[in-house]
Each structure stands twice: as C-alpha cells, then as structure tokens.
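Source file protein-v8.cif; content: mmCIF, C-alpha atoms.
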```cif
data_my_file
#
loop_
_atom_site.group_PDB
_atom_site.id
_atom_site.type_symbol
_atom_site.label_atom_id
_atom_site.label_comp_id
_atom_site.auth_asym_id
_atom_site.auth_seq_id
_atom_site.Cartn_x
_atom_site.Cartn_y
_atom_site.Cartn_z
ATOM 1 C CA MET A 206 119.105 -5.240 63.757
ATOM 2 C CA SER A 207 122.344 -3.551 62.837
ATOM 3 C CA VAL A 208 123.744 -0.033 62.940
ATOM 4 C CA LEU A 209 124.426 2.203 59.949
ATOM 5 C CA THR A 210 128.039 3.340 59.888
ATOM 6 C CA ARG A 211 128.799 4.368 56.293
ATOM 7 C CA ARG A 212 128.082 7.891 55.107
ATOM 8 C CA ALA A 213 126.648 6.522 51.859
ATOM 9 C CA ASP A 214 123.949 4.680 53.830
ATOM 10 C CA PHE A 215 122.939 7.906 55.600
ATOM 11 C CA LEU A 216 122.806 9.765 52.274
ATOM 12 C CA ALA A 217 120.692 6.982 50.755
ATOM 13 C CA ALA A 218 118.262 7.210 53.693
ATOM 14 C CA ASN A 219 117.881 10.914 52.970
ATOM 15 C CA ARG A 220 116.317 9.999 49.601
ATOM 16 C CA GLY A 221 113.588 7.988 51.328
ATOM 17 C CA LEU A 222 110.479 8.855 53.286
ATOM 18 C CA ARG A 223 110.739 11.741 55.774
ATOM 19 C CA VAL A 224 108.514 12.057 58.869
ATOM 20 C CA ALA A 225 109.125 15.122 61.065
ATOM 21 C CA ARG A 226 108.212 15.312 64.733
ATOM 22 C CA PRO A 227 109.023 18.003 67.342
ATOM 23 C CA GLY A 228 111.940 16.056 68.863
ATOM 24 C CA PHE A 229 113.380 14.389 65.756
ATOM 25 C CA VAL A 230 113.067 13.651 62.052
ATOM 26 C CA LEU A 231 112.692 10.026 60.973
ATOM 27 C CA LEU A 232 114.060 8.972 57.587
ATOM 28 C CA VAL A 233 113.027 5.566 56.234
ATOM 29 C CA ASN A 234 114.457 4.025 53.074
ATOM 30 C CA PRO A 235 114.335 0.437 51.730
ATOM 31 C CA ASN A 236 117.634 -1.435 51.736
ATOM 32 C CA SER A 237 118.818 -4.460 49.814
ATOM 33 C CA ARG A 238 119.544 -6.494 52.930
ATOM 34 C CA GLU A 239 117.301 -8.832 54.878
ATOM 35 C CA GLN A 240 117.445 -6.848 58.105
ATOM 36 C CA VAL A 241 116.350 -3.681 59.840
ATOM 37 C CA ARG A 242 119.132 -1.139 60.226
ATOM 38 C CA PHE A 243 119.203 2.142 62.127
ATOM 39 C CA GLY A 244 121.368 5.231 62.414
ATOM 40 C CA ILE A 245 121.380 8.350 64.549
ATOM 41 C CA THR A 246 122.546 11.843 63.637
ATOM 42 C CA VAL A 247 122.819 14.778 66.037
ATOM 43 C CA THR A 248 124.546 17.926 64.772
ATOM 44 C CA LYS A 249 126.568 20.483 66.693
ATOM 45 C CA LYS A 250 123.653 22.931 66.401
ATOM 46 C CA ILE A 251 121.917 20.931 69.142
ATOM 47 C CA GLY A 252 124.551 21.549 71.795
ATOM 48 C CA ASN A 253 127.887 20.502 73.164
ATOM 49 C CA ALA A 254 129.199 16.923 73.235
ATOM 50 C CA VAL A 255 127.472 16.091 76.514
ATOM 51 C CA VAL A 256 124.066 17.125 75.169
ATOM 52 C CA ARG A 257 124.576 15.365 71.828
ATOM 53 C CA ASN A 258 125.691 12.120 73.468
ATOM 54 C CA ARG A 259 122.746 12.194 75.869
ATOM 55 C CA MET A 260 120.361 12.611 72.947
ATOM 56 C CA LYS A 261 122.012 9.747 71.054
ATOM 57 C CA ARG A 262 121.721 7.462 74.104
ATOM 58 C CA ARG A 263 118.017 8.241 74.405
ATOM 59 C CA PHE A 264 117.429 7.645 70.690
ATOM 60 C CA ARG A 265 119.391 4.389 70.783
ATOM 61 C CA ALA A 266 117.274 3.127 73.685
ATOM 62 C CA LEU A 267 114.061 4.060 71.848
ATOM 63 C CA LEU A 268 115.103 2.407 68.612
ATOM 64 C CA ARG A 269 116.240 -0.814 70.257
ATOM 65 C CA GLU A 270 112.944 -0.982 72.130
ATOM 66 C CA MET A 271 110.585 -0.198 69.248
ATOM 67 C CA LEU A 272 112.161 -1.209 65.938
ATOM 68 C CA PRO A 273 111.930 -4.996 66.389
ATOM 69 C CA GLN A 274 108.125 -4.786 66.690
ATOM 70 C CA GLN A 275 107.167 -1.612 64.815
ATOM 71 C CA GLY A 276 110.045 -1.018 62.395
ATOM 72 C CA LEU A 277 109.659 -1.626 58.686
ATOM 73 C CA PRO A 278 111.404 -4.866 57.657
ATOM 74 C CA THR A 279 114.297 -4.549 55.180
ATOM 75 C CA HIS A 280 114.416 -0.771 55.674
ATOM 76 C CA ASP A 281 116.973 1.676 57.032
ATOM 77 C CA HIS A 282 115.742 3.991 59.796
ATOM 78 C CA VAL A 283 117.646 7.196 60.586
ATOM 79 C CA LEU A 284 116.764 9.534 63.459
ATOM 80 C CA ILE A 285 117.978 13.118 63.174
ATOM 81 C CA GLY A 286 117.883 15.019 66.457
ATOM 82 C CA ARG A 287 116.137 18.355 66.604
ATOM 83 C CA ASP A 288 116.644 21.250 68.971
ATOM 84 C CA GLY A 289 114.630 20.629 72.126
ATOM 85 C CA GLY A 290 114.638 16.856 71.730
ATOM 86 C CA VAL A 291 116.844 16.395 74.788
ATOM 87 C CA GLU A 292 114.391 18.163 77.089
ATOM 88 C CA ARG A 293 111.381 16.188 75.851
ATOM 89 C CA ASP A 294 109.908 13.576 78.142
ATOM 90 C CA PHE A 295 111.001 10.024 77.235
ATOM 91 C CA ASP A 296 107.397 8.775 77.110
ATOM 92 C CA LYS A 297 106.521 11.639 74.772
ATOM 93 C CA LEU A 298 109.429 10.688 72.492
ATOM 94 C CA ARG A 299 108.223 7.073 72.534
ATOM 95 C CA GLU A 300 104.720 8.160 71.460
ATOM 96 C CA GLU A 301 106.127 10.383 68.710
ATOM 97 C CA LEU A 302 108.337 7.574 67.402
ATOM 98 C CA ALA A 303 105.399 5.157 67.378
ATOM 99 C CA ALA A 304 103.322 7.688 65.418
ATOM 100 C CA ALA A 305 106.197 8.351 62.997
ATOM 101 C CA LEU A 306 106.745 4.625 62.376
ATOM 102 C CA THR A 307 103.015 4.166 61.757
ATOM 103 C CA ARG A 308 102.990 7.015 59.228
ATOM 104 C CA ALA A 309 106.074 5.588 57.521
ATOM 105 C CA ALA A 310 104.468 2.133 57.316
ATOM 106 C CA GLN A 311 101.443 3.727 55.628
ATOM 107 C CA GLY A 312 103.732 5.561 53.198
ATOM 108 C CA LYS A 313 102.617 8.968 54.437
ATOM 109 C CA GLY A 314 105.717 11.115 54.629
ATOM 110 C CA ASP A 315 106.057 14.840 54.973
ATOM 111 C CA PRO A 316 106.700 16.908 51.857
ATOM 112 C CA PRO A 317 110.353 17.357 50.884
ATOM 113 C CA ARG A 318 112.231 20.264 52.399
ATOM 114 C CA ARG A 319 112.524 23.448 50.409
ATOM 115 C CA ARG A 320 115.905 24.297 48.992
ATOM 116 C CA LYS A 321 117.526 27.493 50.251
#
```

Could you quickly redo this structure as structure tokens?
Amino acid sequence: MSVLTRRADFLAANRGLRVARPGFVLLVNPNSREQVRFGITVTKKIGNAVVRNRMKRRFRALLREMLPQQGLPTHDHVLIGRDGGVERDFDKLREELAAALTRAAQGKGDPPRRRK
C-alpha cells in the first residue's frame, strides 16, 4: 500500500466511482500499478488545522486497517472528509467504510454530482 501525493492522481480518482457516506466520500479509480494506493483530502470548510489533522489521522488509521483486506486491488482510494465526520464514532466510520468498499467492489457508485 502506498500514499497518493501527486495532484494528478487525486484528479484521476475524481473520474472514478464515487460512494458518499455521512462522514466522507470515497472515490475509487483503477490505476496502472500493481498496488493499492490511498489518499485523504480534508478542506478548510471542515474546520481549523487541528480539526482537519484529527480527521486525517482517523481516516489514515481506518484505511490502513481495512484496505489490505477489503480494498480493491490495483485501485486508488481517496477519502474526502465531510462536515461532521470528526464527531462521528470511530466504529460507525469503520462500518460506513466497509459498506462503501463493498458498494465500490460491486460497481455501485452514487450518481455524479450536479454542476453548479
């Protein structure tokens, strides 16, 4: 498992499958490498630096725990934090991530977002 660092990889993941949950949005997109990669995005809308870093730590722990078993092989996984995701119970986030990964494995994504 490796971490996404390039902006182009995050933009490519945005063209893939999108699964929304109350605490986060999961983006899944096939990659050309032989490994599972993940990235985390939390915008300033969520809160100050302390809140954003706490959310990223929680997401990182979830992804490292669940992606080796439930992640899609040779895919990029990006978690985008949503407002209220920091206050959610960690077990609840784990259940939501498991459900989102299952939906992504079945190819059942949410419809694309509407343009403003």

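Interatomic distance, atom CA of A:Leu222 to atom CA of A:Leu306: 10.7 Å.
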
Handout entry: Separation of atom CA of A:Pro273 from atom CA of A:Asn219, in Å and rounded to one decimal
Key =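 Separation of atom CA of A:Pro273 and atom CA of A:Asn219: 21.6 Å.
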
Problem - Atomic separation - atom CA of A:Gly228 relative to atom CA of A:Asp288, Å - result: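 It comes out at 7.0 Å.
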
If you count all atoms listed in the file, which residues fall within 6 Å of A:Asn234, apart from same-chain ones fewer than 6 positions away, as a CSV table (one decimal) with C-alpha atoms, keeping the file's coordinate frame?
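As written to disk, selection02.csv reads:
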```
chain,number,residue,atom,x,y,z
A,218,ALA,CA,118.3,7.2,53.7
A,221,GLY,CA,113.6,8.0,51.3
A,280,HIS,CA,114.4,-0.8,55.7
A,281,ASP,CA,117.0,1.7,57.0
```

Practice task
Measuring atom to atom with all atoms listed in the file, identify which of A:Arg220, A:Arg265, A:Lys250, A:Arg320 is nearest to A:Asn236.
Solution key: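 Checking each candidate against A:Asn236, we get A:Arg220 as the closest.
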
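Distances to A:Thr210 were evaluated for A:Val291, A:Met260, A:Ile245, A:Ile285 using only C-alpha atoms, and the minimum falls at A:Ile245.
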
Fill in the blank from the handout: Counting all atoms listed in the file, closest pick from A:Gly252, A:Pro227, A:Pro235, A:Pro316 relative to A:Asp214 is A:Pro235

What are the centre and the three edge lengths of an axis-aligned box that wraps all atoms of stretch 257-260 of chain A in the file, given that 4 Å is added to every side, written as JSON and rounded to one decimal in Å?
```
{"center_x": 123.0, "center_y": 13.7, "center_z": 73.8, "size_x": 13.3, "size_y": 11.2, "size_z": 12.0}
```

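Take the candidates A:Gly312, A:Arg223, A:Arg257, A:Phe264 and check each one against A:Asp296 using all atoms listed in the file; the shortest distance goes to A:Phe264.
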
Exercise for the section: In the coordinates of the file, take the point (113.3, 17.8, 63.2) and a cut-off of 9 Å; then, counting only C-alpha atoms, name each qualifying protein, DNA or RNA residue as an MDAnalysis selection string. Expected result: chainID A and resid 224:231 284:288 290

Output C-alpha atoms for every residue in the selection just made, as a JSON list (two decimals), keeping the file's coordinate frame.
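Saved the output as out_28.json:
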```json
[["chain", "number", "residue", "atom", "x", "y", "z"],
["A", 224, "VAL", "CA", 108.51, 12.06, 58.87],
["A", 225, "ALA", "CA", 109.12, 15.12, 61.06],
["A", 226, "ARG", "CA", 108.21, 15.31, 64.73],
["A", 227, "PRO", "CA", 109.02, 18.00, 67.34],
["A", 228, "GLY", "CA", 111.94, 16.06, 68.86],
["A", 229, "PHE", "CA", 113.38, 14.39, 65.76],
["A", 230, "VAL", "CA", 113.07, 13.65, 62.05],
["A", 231, "LEU", "CA", 112.69, 10.03, 60.97],
["A", 284, "LEU", "CA", 116.76, 9.53, 63.46],
["A", 285, "ILE", "CA", 117.98, 13.12, 63.17],
["A", 286, "GLY", "CA", 117.88, 15.02, 66.46],
["A", 287, "ARG", "CA", 116.14, 18.36, 66.60],
["A", 288, "ASP", "CA", 116.64, 21.25, 68.97],
["A", 290, "GLY", "CA", 114.64, 16.86, 71.73]]
```

Exercise for the section: Give as a PyMOL selection string every residue, naming chains and numbers as the document does, that has an atom within 9 Å of (113.5, -9.9, 58.4), counting only C-alpha atoms. Expected result: chain A and resi 238-241+278-279

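Of the residues listed (A:Glu270, A:Val233, A:Leu298, A:Ile251), A:Val233 shows the shortest atom-to-atom separation from A:Gln311; distances use all atoms listed in the file.
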
Exercise for the section: Find the residue from A:Ala304, A:Leu216, A:Arg242, A:Val256 that sits nearest to A:Leu272; use all atoms listed in the file when measuring. Expected result: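 So, comparing all the options, the nearest one is A:Arg242.
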